[in-house]
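One file, structure_0.pdb, carrying PDB, C-alpha atoms:
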```pdb
ATOM      1  CA  MET A1335     135.480 153.506  85.155
ATOM      2  CA  SER A1336     137.385 152.200  82.151
ATOM      3  CA  ALA A1337     135.708 150.699  79.137
ATOM      4  CA  PRO A1338     135.208 146.913  79.167
ATOM      5  CA  SER A1339     137.684 146.507  76.308
ATOM      6  CA  GLY A1340     141.307 147.460  75.746
ATOM      7  CA  LEU A1341     144.474 146.356  77.493
ATOM      8  CA  ARG A1342     143.942 143.876  80.302
ATOM      9  CA  ALA A1343     145.853 144.986  83.419
ATOM     10  CA  GLY A1344     146.551 143.263  86.718
ATOM     11  CA  LEU A1345     147.702 144.764  89.998
ATOM     12  CA  ILE A1346     149.952 143.084  92.568
ATOM     13  CA  GLY A1347     149.595 144.569  96.039
ATOM     14  CA  LEU A1348     146.739 146.466  97.689
ATOM     15  CA  GLY A1349     148.736 148.533 100.150
ATOM     16  CA  ALA A1350     148.671 152.328 100.303
ATOM     17  CA  MET A1351     150.358 152.747  96.924
ATOM     18  CA  GLY A1352     148.561 149.775  95.423
ATOM     19  CA  ARG A1353     145.177 151.326  96.149
ATOM     20  CA  ASN A1354     146.236 154.482  94.357
ATOM     21  CA  HIS A1355     147.276 152.392  91.360
ATOM     22  CA  ALA A1356     143.902 150.615  91.455
ATOM     23  CA  ARG A1357     142.059 153.949  91.495
ATOM     24  CA  VAL A1358     143.984 155.247  88.472
ATOM     25  CA  LEU A1359     143.742 151.979  86.535
ATOM     26  CA  ASN A1360     139.956 152.057  86.931
ATOM     27  CA  LEU A1361     139.922 155.526  85.346
ATOM     28  CA  LEU A1362     142.468 154.931  82.588
ATOM     29  CA  ASP A1363     141.186 155.085  79.014
ATOM     30  CA  GLY A1364     141.907 151.987  76.971
ATOM     31  CA  VAL A1365     142.667 149.829  80.019
ATOM     32  CA  GLN A1366     140.607 147.367  82.026
ATOM     33  CA  LEU A1367     141.755 146.323  85.507
ATOM     34  CA  VAL A1368     140.761 142.658  85.451
ATOM     35  CA  GLY A1369     142.275 141.363  88.693
ATOM     36  CA  VAL A1370     144.278 142.135  91.821
ATOM     37  CA  LEU A1371     146.684 139.874  93.685
ATOM     38  CA  ASP A1372     146.878 140.339  97.445
ATOM     39  CA  PRO A1373     147.378 137.508  99.946
ATOM     40  CA  ALA A1374     145.722 139.363 102.830
ATOM     41  CA  PRO A1375     142.513 137.719 104.010
ATOM     42  CA  ASN A1376     139.360 139.668 103.192
ATOM     43  CA  ALA A1377     141.234 141.951 100.765
ATOM     44  CA  VAL A1378     138.785 143.963  98.700
ATOM     45  CA  ALA A1379     139.606 145.897  95.530
ATOM     46  CA  PRO A1380     137.731 149.017  94.379
ATOM     47  CA  HIS A1381     134.875 148.734  91.877
ATOM     48  CA  GLY A1382     134.377 145.048  92.569
ATOM     49  CA  VAL A1383     137.548 143.961  90.751
ATOM     50  CA  PRO A1384     138.289 140.291  91.581
ATOM     51  CA  VAL A1385     141.015 139.644  94.166
ATOM     52  CA  VAL A1386     143.093 136.472  93.853
ATOM     53  CA  ALA A1387     145.525 134.892  96.283
ATOM     54  CA  ASP A1388     148.412 133.815  94.035
ATOM     55  CA  LEU A1389     150.217 134.870  90.870
ATOM     56  CA  GLU A1390     149.103 131.897  88.785
ATOM     57  CA  GLN A1391     145.468 132.878  89.294
ATOM     58  CA  LEU A1392     146.248 136.430  88.214
ATOM     59  CA  LEU A1393     148.106 135.264  85.093
ATOM     60  CA  ALA A1394     145.140 133.053  84.207
ATOM     61  CA  LEU A1395     143.185 136.277  83.592
ATOM     62  CA  GLN A1396     145.191 136.756  80.361
ATOM     63  CA  LEU A1397     146.994 139.947  81.309
ATOM     64  CA  ASP A1398     148.610 142.312  78.842
ATOM     65  CA  TYR A1399     150.504 144.031  81.651
ATOM     66  CA  ALA A1400     150.770 144.173  85.410
ATOM     67  CA  VAL A1401     151.621 146.790  88.024
ATOM     68  CA  ILE A1402     153.867 145.539  90.838
ATOM     69  CA  ALA A1403     153.129 147.445  94.055
ATOM     70  CA  CYS A1404     154.180 144.838  96.615
ATOM     71  CA  PRO A1405     157.187 145.043  99.011
ATOM     72  CA  THR A1406     160.540 145.651  97.308
ATOM     73  CA  ALA A1407     161.909 142.285  98.442
ATOM     74  CA  LEU A1408     159.357 140.548  96.173
ATOM     75  CA  HIS A1409     159.991 142.593  93.021
ATOM     76  CA  GLU A1410     162.609 140.250  91.579
ATOM     77  CA  GLU A1411     160.641 137.032  92.056
ATOM     78  CA  ILE A1412     157.358 138.422  90.740
ATOM     79  CA  GLY A1413     158.942 140.438  87.936
ATOM     80  CA  LEU A1414     160.833 137.415  86.600
ATOM     81  CA  ARG A1415     157.658 135.335  86.623
ATOM     82  CA  LEU A1416     155.771 138.010  84.701
ATOM     83  CA  ALA A1417     158.570 138.184  82.132
ATOM     84  CA  GLU A1418     158.463 134.422  81.692
ATOM     85  CA  ALA A1419     154.720 134.706  81.046
ATOM     86  CA  GLY A1420     155.233 137.454  78.442
ATOM     87  CA  VAL A1421     153.537 140.152  80.534
ATOM     88  CA  HIS A1422     154.724 143.768  80.436
ATOM     89  CA  ALA A1423     155.278 145.336  83.874
ATOM     90  CA  LEU A1424     155.303 148.668  85.657
ATOM     91  CA  ILE A1425     157.313 148.073  88.844
ATOM     92  CA  GLU A1426     157.116 150.451  91.787
ATOM     93  CA  LYS A1427     160.385 152.061  92.836
ATOM     94  CA  PRO A1428     162.932 151.002  93.771
ATOM     95  CA  LEU A1429     163.222 148.471  90.974
ATOM     96  CA  ALA A1430     164.860 145.924  93.293
ATOM     97  CA  PRO A1431     166.695 145.779  96.641
ATOM     98  CA  SER A1432     170.074 145.219  94.944
ATOM     99  CA  VAL A1433     171.878 145.895  91.675
ATOM    100  CA  GLU A1434     172.177 142.145  91.091
ATOM    101  CA  ALA A1435     168.421 141.650  91.349
ATOM    102  CA  ALA A1436     167.779 144.714  89.199
ATOM    103  CA  GLY A1437     170.118 143.357  86.526
ATOM    104  CA  LYS A1438     168.183 140.094  86.351
ATOM    105  CA  LEU A1439     164.954 142.006  85.776
ATOM    106  CA  VAL A1440     166.530 144.151  83.073
ATOM    107  CA  GLU A1441     167.816 141.089  81.221
ATOM    108  CA  ALA A1442     164.534 139.194  81.582
ATOM    109  CA  PHE A1443     162.395 141.947  80.070
ATOM    110  CA  GLU A1444     164.840 143.225  77.446
ATOM    111  CA  SER A1445     165.660 139.735  76.130
ATOM    112  CA  ARG A1446     161.963 139.071  75.528
ATOM    113  CA  GLY A1447     161.193 142.460  73.985
ATOM    114  CA  LEU A1448     158.812 143.315  76.823
ATOM    115  CA  VAL A1449     158.086 146.803  78.120
ATOM    116  CA  GLY A1450     159.369 147.265  81.658
ATOM    117  CA  ALA A1451     159.185 150.532  83.584
ATOM    118  CA  VAL A1452     159.869 151.774  87.098
ATOM    119  CA  GLY A1453     157.446 153.938  89.065
ATOM    120  CA  HIS A1454     159.708 156.915  89.728
ATOM    121  CA  ILE A1455     156.676 159.158  89.960
ATOM    122  CA  GLU A1456     158.568 162.412  90.595
ATOM    123  CA  ARG A1457     159.537 162.527  86.918
ATOM    124  CA  TYR A1458     155.880 163.237  86.184
ATOM    125  CA  ASN A1459     155.466 165.966  88.803
ATOM    126  CA  PRO A1460     154.403 169.144  86.948
ATOM    127  CA  SER A1461     156.979 171.303  88.735
ATOM    128  CA  LEU A1462     159.864 169.024  87.742
ATOM    129  CA  GLN A1463     158.568 168.551  84.205
ATOM    130  CA  SER A1464     158.536 172.332  83.774
ATOM    131  CA  LEU A1465     161.921 172.674  85.468
ATOM    132  CA  ARG A1466     163.568 170.167  83.142
ATOM    133  CA  THR A1467     162.178 171.917  80.083
ATOM    134  CA  ARG A1468     163.522 175.248  81.331
ATOM    135  CA  LEU A1469     166.950 173.811  82.081
ATOM    136  CA  GLU A1470     167.132 172.268  78.614
ATOM    137  CA  ALA A1471     166.267 175.691  77.178
ATOM    138  CA  GLY A1472     169.235 177.213  79.022
ATOM    139  CA  GLU A1473     167.164 179.468  81.281
ATOM    140  CA  LEU A1474     169.543 178.853  84.209
ATOM    141  CA  GLY A1475     172.800 178.876  82.256
ATOM    142  CA  ASP A1476     175.488 176.584  83.636
ATOM    143  CA  ILE A1477     174.192 174.418  86.505
ATOM    144  CA  TYR A1478     176.242 174.451  89.702
ATOM    145  CA  GLN A1479     174.335 172.594  92.401
ATOM    146  CA  VAL A1480     171.236 170.509  93.144
ATOM    147  CA  VAL A1481     169.942 170.437  96.737
ATOM    148  CA  THR A1482     167.039 168.177  97.683
ATOM    149  CA  ARG A1483     165.222 167.845 100.996
ATOM    150  CA  ARG A1484     162.745 165.012 101.492
ATOM    151  CA  GLN A1485     161.578 164.771 105.090
ATOM    152  CA  GLY A1486     158.546 163.441 106.923
ATOM    153  CA  PRO A1487     157.171 161.165 109.650
ATOM    154  CA  PHE A1488     158.046 157.478 109.861
ATOM    155  CA  PRO A1489     155.859 155.292 107.576
ATOM    156  CA  GLY A1490     154.802 152.185 109.448
ATOM    157  CA  ARG A1491     154.038 150.411 106.170
ATOM    158  CA  ILE A1492     157.721 150.256 105.110
ATOM    159  CA  ALA A1493     159.612 147.361 106.703
ATOM    160  CA  ASP A1494     161.910 145.784 104.113
ATOM    161  CA  VAL A1495     164.148 148.734 103.129
ATOM    162  CA  GLY A1496     165.488 151.900 104.723
ATOM    163  CA  VAL A1497     165.080 155.535 103.814
ATOM    164  CA  VAL A1498     167.830 155.390 101.162
ATOM    165  CA  MET A1499     166.117 152.796  98.973
ATOM    166  CA  ASP A1500     162.589 153.967  99.733
ATOM    167  CA  LEU A1501     162.865 157.760  99.590
ATOM    168  CA  ALA A1502     166.346 158.833  98.481
ATOM    169  CA  THR A1503     165.911 156.905  95.231
ATOM    170  CA  HIS A1504     163.350 159.579  94.278
ATOM    171  CA  ASP A1505     165.999 162.289  94.581
ATOM    172  CA  ILE A1506     168.735 160.256  92.905
ATOM    173  CA  ASP A1507     166.550 159.578  89.891
ATOM    174  CA  LEU A1508     165.121 163.082  89.557
ATOM    175  CA  THR A1509     168.554 164.732  89.925
ATOM    176  CA  ALA A1510     170.111 162.699  87.105
ATOM    177  CA  TRP A1511     166.987 163.088  84.947
ATOM    178  CA  VAL A1512     166.433 166.822  85.451
ATOM    179  CA  THR A1513     170.082 167.784  84.930
ATOM    180  CA  GLY A1514     171.010 165.173  82.316
ATOM    181  CA  HIS A1515     174.180 164.281  84.237
ATOM    182  CA  GLU A1516     175.275 160.984  85.784
ATOM    183  CA  TYR A1517     176.521 160.437  89.334
ATOM    184  CA  LEU A1518     180.294 160.006  89.614
ATOM    185  CA  ASP A1519     180.883 159.580  93.356
ATOM    186  CA  VAL A1520     179.096 160.002  96.673
ATOM    187  CA  SER A1521     179.899 160.544 100.339
ATOM    188  CA  ALA A1522     177.124 159.840 102.834
ATOM    189  CA  ARG A1523     176.218 159.429 106.500
ATOM    190  CA  THR A1524     173.213 157.568 107.878
ATOM    191  CA  VAL A1525     171.631 157.034 111.285
ATOM    192  CA  SER A1526     168.920 154.738 112.621
ATOM    193  CA  ARG A1527     166.825 156.108 115.489
ATOM    194  CA  SER A1528     163.547 154.242 115.034
ATOM    195  CA  GLY A1529     164.699 150.902 116.417
ATOM    196  CA  ARG A1530     164.462 149.122 113.067
ATOM    197  CA  PRO A1531     167.447 147.509 111.347
ATOM    198  CA  HIS A1532     167.420 149.965 108.440
ATOM    199  CA  GLU A1533     168.563 153.588 108.342
ATOM    200  CA  ASP A1534     165.956 156.310 108.773
ATOM    201  CA  MET A1535     168.087 159.383 108.003
ATOM    202  CA  VAL A1536     170.722 160.085 105.368
ATOM    203  CA  SER A1537     172.791 163.078 104.342
ATOM    204  CA  ALA A1538     174.734 162.737 101.105
ATOM    205  CA  VAL A1539     177.034 164.857  98.954
ATOM    206  CA  ALA A1540     177.656 163.706  95.394
ATOM    207  CA  SER A1541     179.593 164.734  92.308
ATOM    208  CA  LEU A1542     177.950 164.513  88.901
ATOM    209  CA  GLY A1543     179.214 165.154  85.413
ATOM    210  CA  ASP A1544     180.268 168.621  84.241
ATOM    211  CA  GLY A1545     181.346 169.665  87.757
ATOM    212  CA  LEU A1546     177.813 169.538  89.162
ATOM    213  CA  MET A1547     177.408 169.000  92.919
ATOM    214  CA  ALA A1548     174.361 167.460  94.613
ATOM    215  CA  ASN A1549     173.294 167.447  98.251
ATOM    216  CA  HIS A1550     170.513 165.166  99.504
ATOM    217  CA  LEU A1551     168.908 165.297 102.963
ATOM    218  CA  VAL A1552     166.321 162.565 103.507
ATOM    219  CA  ASN A1553     164.669 161.306 106.682
ATOM    220  CA  TRP A1554     161.688 159.631 108.301
ATOM    221  CA  LEU A1555     162.178 161.531 111.561
ATOM    222  CA  SER A1556     160.525 164.911 110.918
ATOM    223  CA  PRO A1557     156.986 165.727 112.131
ATOM    224  CA  PHE A1558     156.320 167.642 108.896
ATOM    225  CA  LYS A1559     156.471 166.816 105.189
ATOM    226  CA  GLU A1560     158.952 168.548 102.918
ATOM    227  CA  ARG A1561     159.693 167.827  99.260
ATOM    228  CA  SER A1562     162.046 170.471  97.912
ATOM    229  CA  THR A1563     164.433 170.577  94.960
ATOM    230  CA  VAL A1564     166.651 173.652  94.545
ATOM    231  CA  ILE A1565     168.857 174.007  91.463
ATOM    232  CA  THR A1566     171.358 176.845  91.402
ATOM    233  CA  GLY A1567     173.165 178.038  88.304
ATOM    234  CA  ALA A1568     174.764 180.985  86.593
ATOM    235  CA  LYS A1569     171.540 182.968  86.240
ATOM    236  CA  GLY A1570     169.868 182.226  89.588
ATOM    237  CA  SER A1571     167.965 179.400  91.282
ATOM    238  CA  PHE A1572     164.904 177.294  90.557
ATOM    239  CA  VAL A1573     162.928 176.009  93.552
ATOM    240  CA  ALA A1574     160.497 173.137  92.937
ATOM    241  CA  ASP A1575     158.049 172.088  95.666
ATOM    242  CA  THR A1576     156.759 168.709  94.591
ATOM    243  CA  LEU A1577     154.124 168.581  97.337
ATOM    244  CA  THR A1578     152.300 171.540  95.797
ATOM    245  CA  ALA A1579     153.779 171.200  92.267
ATOM    246  CA  ASP A1580     154.932 174.830  92.411
ATOM    247  CA  LEU A1581     157.990 176.122  90.557
ATOM    248  CA  THR A1582     159.664 179.419  91.436
ATOM    249  CA  PHE A1583     162.629 181.170  89.842
ATOM    250  CA  TYR A1584     164.903 183.528  91.769
ATOM    251  CA  ALA A1585     166.994 185.563  89.327
ATOM    252  CA  ASN A1586     170.410 186.978  89.993
ATOM    253  CA  GLY A1587     170.144 190.761  90.208
ATOM    254  CA  ALA A1588     172.363 193.062  88.160
ATOM    255  CA  VAL A1589     173.902 195.566  90.572
ATOM    256  CA  ASP A1590     176.511 198.044  89.382
ATOM    257  CA  THR A1591     179.179 199.361  91.718
ATOM    258  CA  GLU A1592     181.500 202.317  91.458
ATOM    259  CA  TRP A1593     183.790 200.943  94.171
ATOM    260  CA  GLU A1594     186.881 199.871  92.245
ATOM    261  CA  ALA A1595     188.080 197.459  94.941
ATOM    262  CA  LEU A1596     184.914 195.344  94.622
ATOM    263  CA  ARG A1597     184.859 195.074  90.844
ATOM    264  CA  ALA A1598     187.292 192.141  90.865
ATOM    265  CA  PHE A1599     184.600 189.905  92.350
ATOM    266  CA  ARG A1600     181.000 190.392  91.318
ATOM    267  CA  GLY A1601     178.891 188.403  93.740
ATOM    268  CA  VAL A1602     175.245 187.466  93.379
ATOM    269  CA  ALA A1603     172.635 190.038  94.270
ATOM    270  CA  GLU A1604     168.927 189.524  94.888
ATOM    271  CA  GLY A1605     166.875 189.881  91.728
ATOM    272  CA  ASP A1606     163.353 189.253  90.520
ATOM    273  CA  MET A1607     161.271 186.306  91.713
ATOM    274  CA  VAL A1608     158.798 184.564  89.416
ATOM    275  CA  ARG A1609     156.312 181.850  90.405
ATOM    276  CA  TYR A1610     155.157 180.032  87.293
ATOM    277  CA  ALA A1611     151.584 179.085  86.506
ATOM    278  CA  ILE A1612     151.783 175.528  85.194
ATOM    279  CA  PRO A1613     149.135 172.873  84.472
ATOM    280  CA  LYS A1614     148.922 170.434  87.377
ATOM    281  CA  ARG A1615     147.868 166.968  86.252
ATOM    282  CA  GLU A1616     148.151 164.090  88.716
ATOM    283  CA  PRO A1617     151.645 162.551  88.350
ATOM    284  CA  LEU A1618     150.410 158.984  88.891
ATOM    285  CA  LEU A1619     147.843 159.330  86.122
ATOM    286  CA  VAL A1620     150.481 160.705  83.730
ATOM    287  CA  GLU A1621     152.819 157.842  84.670
ATOM    288  CA  HIS A1622     150.109 155.296  83.820
ATOM    289  CA  GLU A1623     149.261 157.027  80.549
ATOM    290  CA  ARG A1624     152.903 156.935  79.474
ATOM    291  CA  PHE A1625     153.234 153.246  80.363
ATOM    292  CA  ARG A1626     149.993 152.343  78.594
ATOM    293  CA  ASP A1627     151.226 154.135  75.473
ATOM    294  CA  ALA A1628     154.546 152.254  75.619
ATOM    295  CA  VAL A1629     152.736 148.907  75.868
ATOM    296  CA  GLU A1630     150.696 149.901  72.811
ATOM    297  CA  GLY A1631     153.949 150.453  70.917
ATOM    298  CA  LYS A1632     153.844 154.246  70.864
ATOM    299  CA  ASP A1633     156.802 156.515  71.577
ATOM    300  CA  SER A1634     156.527 157.287  75.274
ATOM    301  CA  ASP A1635     158.633 158.794  78.038
ATOM    302  CA  ILE A1636     158.853 156.009  80.616
ATOM    303  CA  VAL A1637     161.481 155.279  83.253
ATOM    304  CA  THR A1638     163.126 152.187  81.803
ATOM    305  CA  LEU A1639     164.290 149.234  83.892
ATOM    306  CA  ARG A1640     167.872 150.057  82.946
ATOM    307  CA  GLN A1641     167.425 153.589  84.289
ATOM    308  CA  GLY A1642     165.866 152.142  87.434
ATOM    309  CA  MET A1643     168.860 149.837  87.850
ATOM    310  CA  ARG A1644     171.216 152.816  87.674
ATOM    311  CA  THR A1645     169.310 154.494  90.508
ATOM    312  CA  VAL A1646     169.646 151.341  92.631
ATOM    313  CA  GLU A1647     173.375 151.324  91.831
ATOM    314  CA  VAL A1648     173.773 154.891  93.139
ATOM    315  CA  ALA A1649     171.663 154.092  96.217
ATOM    316  CA  GLU A1650     173.894 151.117  96.985
ATOM    317  CA  ALA A1651     176.911 153.425  96.728
ATOM    318  CA  VAL A1652     175.267 155.766  99.259
ATOM    319  CA  LEU A1653     174.851 152.883 101.705
ATOM    320  CA  ARG A1654     178.419 151.653 101.137
ATOM    321  CA  SER A1655     179.773 155.140 101.753
ATOM    322  CA  ALA A1656     177.837 155.448 105.002
ATOM    323  CA  THR A1657     179.089 152.061 106.179
ATOM    324  CA  SER A1658     182.737 152.623 105.231
ATOM    325  CA  GLY A1659     182.978 156.320 106.009
ATOM    326  CA  THR A1660     184.611 156.913 102.627
ATOM    327  CA  THR A1661     183.740 158.483  99.303
ATOM    328  CA  VAL A1662     182.537 155.781  96.919
ATOM    329  CA  VAL A1663     183.232 156.058  93.197
ATOM    330  CA  ILE A1664     180.284 154.963  91.065
ATOM    331  CA  PRO A1665     181.135 152.932  87.946
ATOM    332  CA  ALA A1666     180.315 154.472  84.592
ATOM    333  CA  LYS A1667     176.772 153.894  83.388
ATOM    334  CA  ARG A1668     176.360 150.570  81.634
ATOM    335  CA  ALA A1669     175.427 150.548  77.966
TER     336      ALA A1669
END
```
Would you write out, as C-alpha cells, the structure that this file holds?
Amino acid sequence: MSAPSGLRAGLIGLGAMGRNHARVLNLLDGVQLVGVLDPAPNAVAPHGVPVVADLEQLLALQLDYAVIACPTALHEEIGLRLAEAGVHALIEKPLAPSVEAAGKLVEAFESRGLVGAVGHIERYNPSLQSLRTRLEAGELGDIYQVVTRRQGPFPGRIADVGVVMDLATHDIDLTAWVTGHEYLDVSARTVSRSGRPHEDMVSAVASLGDGLMANHLVNWLSPFKERSTVITGAKGSFVADTLTADLTFYANGAVDTEWEALRAFRGVAEGDMVRYAIPKREPLLVEHERFRDAVEGKDSDIVTLRQGMRTVEVAEAVLRSATSGTTVVIPAKRA
C-alpha cells in the first residue's frame, strides 16, 4: 500500500479496468488513492478507499490527479470538469468517442497547462518497448509492413462503442508509435454479428509514411485470445506477442545460387530465429509510473491527449471507410 503522503489521486469507475487501476494506484510509490467515484449501489473499493457517488464529492478530496476509467461516452464530460478544477488526468483509451470531443479535451488541458494522458497501455508492453528500440537502431533495415491480429471473445462489459474504438485503437496507436510513421489513408470492412448496434469485426488495410503498409484484423468473435504484431522489413521479421510479452526475430537467410537464371531476383530464404530475453514489468504499472512522473514535472514518456486524438481520428476514418466502401484519406497530423 502507498505511503500516506504524496500525490492525491482519485479514480472514476470501478469496472474491470477500474479495479486494475485501483490495485496499481494502491501500490504506487509517492501516490495515495484517496477516493473512488462509482454510482453503482454497494460499490466497494480495495483497501477501504472511500467510494463517492458524484464528481463534486470526489473533487472535494483535493485531488492532484484523477484516472478516468468509466465508459467512453462519459470521457468528455468528466474530463472537461476535471480540467476546470485544475486536476491532471489519465484517461483510458479511447480518449473520446469522436474527434470533436477529443479536441475539446486537448484544448481544455493544454490551455490550462495540465498534464493529460491516454491509457494506450500497449506502448508499455515489454515486447513492444524492445521492438521499438530495435527498429530505431536499424536492426530490421527498411520497414515494409505491419500486420496486427487482435482477436477474442465478446466482452459483455463494452456497450457504448464497437470493436474499432475499443480494440483497434490499440493497434492504430502502437503501429504509428513503433514505426514512427503517420497514417495516410485506410480501407476497411466491418461486420456486426452479435446483435448490438456496433461493429464486432473489422479488417483494415492502411498506408503510412515512407511507403509502409499496415494490415489490422480485429474482432470480438473468436473463442481464443490473440494479440500479435508482425513487422517485416529488409532484414527479416519481428513478431511480438503482447499476451506473453515475447519478442522473436526471424532473420532473412543468405543463400547463394549458381543458377544464373535465378540471380536476377533474390528472394527471401529462411534464416536464424532468435527469441529475446527481456525484462517483463507489468505495463499498467509502468504506465502509472510514467504519468506520476509527468505530474511531478519530470521528463516522462506518456501518451499525450493530442496523440490520443490522432488515434481517434484514424479510427473514425476506419469507420467511414467501412460505411462508404471507399478508401478514406486521413488529414495530415495537426500541429
Evaluate the PyMOL selection byres ((chain A and resi 1504) around 9) and record the selected residues as a PyMOL selection string, following the chain and residue labels used in the document.
-> chain A and resi 1427-1428+1454-1457+1499-1503+1505-1509+1645
Given the PyMOL selection byres ((chain A and resi 1640) around 12) and the file above, list the residues it selects as a compact mmCIF listing (two decimals) with C-alpha atoms, in the frame of the given file.
```txt
# COMPACT_ATOMS: atom_id res chain seq x y z
CA PRO A 1428 162.93 151.00 93.77
CA LEU A 1429 163.22 148.47 90.97
CA ALA A 1430 164.86 145.92 93.29
CA VAL A 1433 171.88 145.90 91.68
CA ALA A 1435 168.42 141.65 91.35
CA ALA A 1436 167.78 144.71 89.20
CA GLY A 1437 170.12 143.36 86.53
CA LYS A 1438 168.18 140.09 86.35
CA LEU A 1439 164.95 142.01 85.78
CA VAL A 1440 166.53 144.15 83.07
CA GLU A 1441 167.82 141.09 81.22
CA ALA A 1442 164.53 139.19 81.58
CA PHE A 1443 162.40 141.95 80.07
CA GLU A 1444 164.84 143.22 77.45
CA VAL A 1449 158.09 146.80 78.12
CA GLY A 1450 159.37 147.26 81.66
CA ALA A 1451 159.18 150.53 83.58
CA VAL A 1452 159.87 151.77 87.10
CA ASP A 1507 166.55 159.58 89.89
CA ILE A 1636 158.85 156.01 80.62
CA VAL A 1637 161.48 155.28 83.25
CA THR A 1638 163.13 152.19 81.80
CA LEU A 1639 164.29 149.23 83.89
CA GLN A 1641 167.42 153.59 84.29
CA GLY A 1642 165.87 152.14 87.43
CA MET A 1643 168.86 149.84 87.85
CA ARG A 1644 171.22 152.82 87.67
CA THR A 1645 169.31 154.49 90.51
CA VAL A 1646 169.65 151.34 92.63
CA GLU A 1647 173.38 151.32 91.83
CA LYS A 1667 176.77 153.89 83.39
CA ARG A 1668 176.36 150.57 81.63
CA ALA A 1669 175.43 150.55 77.97
```
Selection under test: the PyMOL selection byres ((chain A and resi 1662) around 6); residues as number ranges by chain = A: 1519-1520, 1655, 1661, 1663
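Residues in contact range of Gly1472 in chain A, defined as at most 12 Å between only C-alpha atoms, with sequence neighbours fewer than 3 positions away removed, read Leu1465, Arg1466, Thr1467, Arg1468, Leu1469, Gly1475, Asp1476, Ile1477, Thr1513, Gly1567, Ala1568, Lys1569 and Gly1570 of chain A.
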Export of the given selection (C-alpha atoms) as a CSV table (one decimal), in the frame of the given file:
```
chain,number,residue,atom,x,y,z
A,1465,LEU,CA,161.9,172.7,85.5
A,1466,ARG,CA,163.6,170.2,83.1
A,1467,THR,CA,162.2,171.9,80.1
A,1468,ARG,CA,163.5,175.2,81.3
A,1469,LEU,CA,167.0,173.8,82.1
A,1475,GLY,CA,172.8,178.9,82.3
A,1476,ASP,CA,175.5,176.6,83.6
A,1477,ILE,CA,174.2,174.4,86.5
A,1513,THR,CA,170.1,167.8,84.9
A,1567,GLY,CA,173.2,178.0,88.3
A,1568,ALA,CA,174.8,181.0,86.6
A,1569,LYS,CA,171.5,183.0,86.2
A,1570,GLY,CA,169.9,182.2,89.6
```
If you count only C-alpha atoms, which residues fall within 10 Å of Tyr1610 in chain A, apart from same-chain ones fewer than 6 positions away, as a PDB file with C-alpha atoms, in the frame of the given file?
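Contents of the output file result_35.pdb:
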```pdb
ATOM      1  CA  SER A1461     156.979 171.303  88.735  1.00  0.00           C
ATOM      2  CA  SER A1464     158.536 172.332  83.774  1.00  0.00           C
ATOM      3  CA  ASP A1580     154.932 174.830  92.411  1.00  0.00           C
ATOM      4  CA  LEU A1581     157.990 176.122  90.557  1.00  0.00           C
ATOM      5  CA  THR A1582     159.664 179.419  91.436  1.00  0.00           C
ATOM      6  CA  PHE A1583     162.629 181.170  89.842  1.00  0.00           C
TER       7      PHE A1583
END
```
CA of His1515 in chain A to CA of Asp1606 in chain A measures 27.9 Å
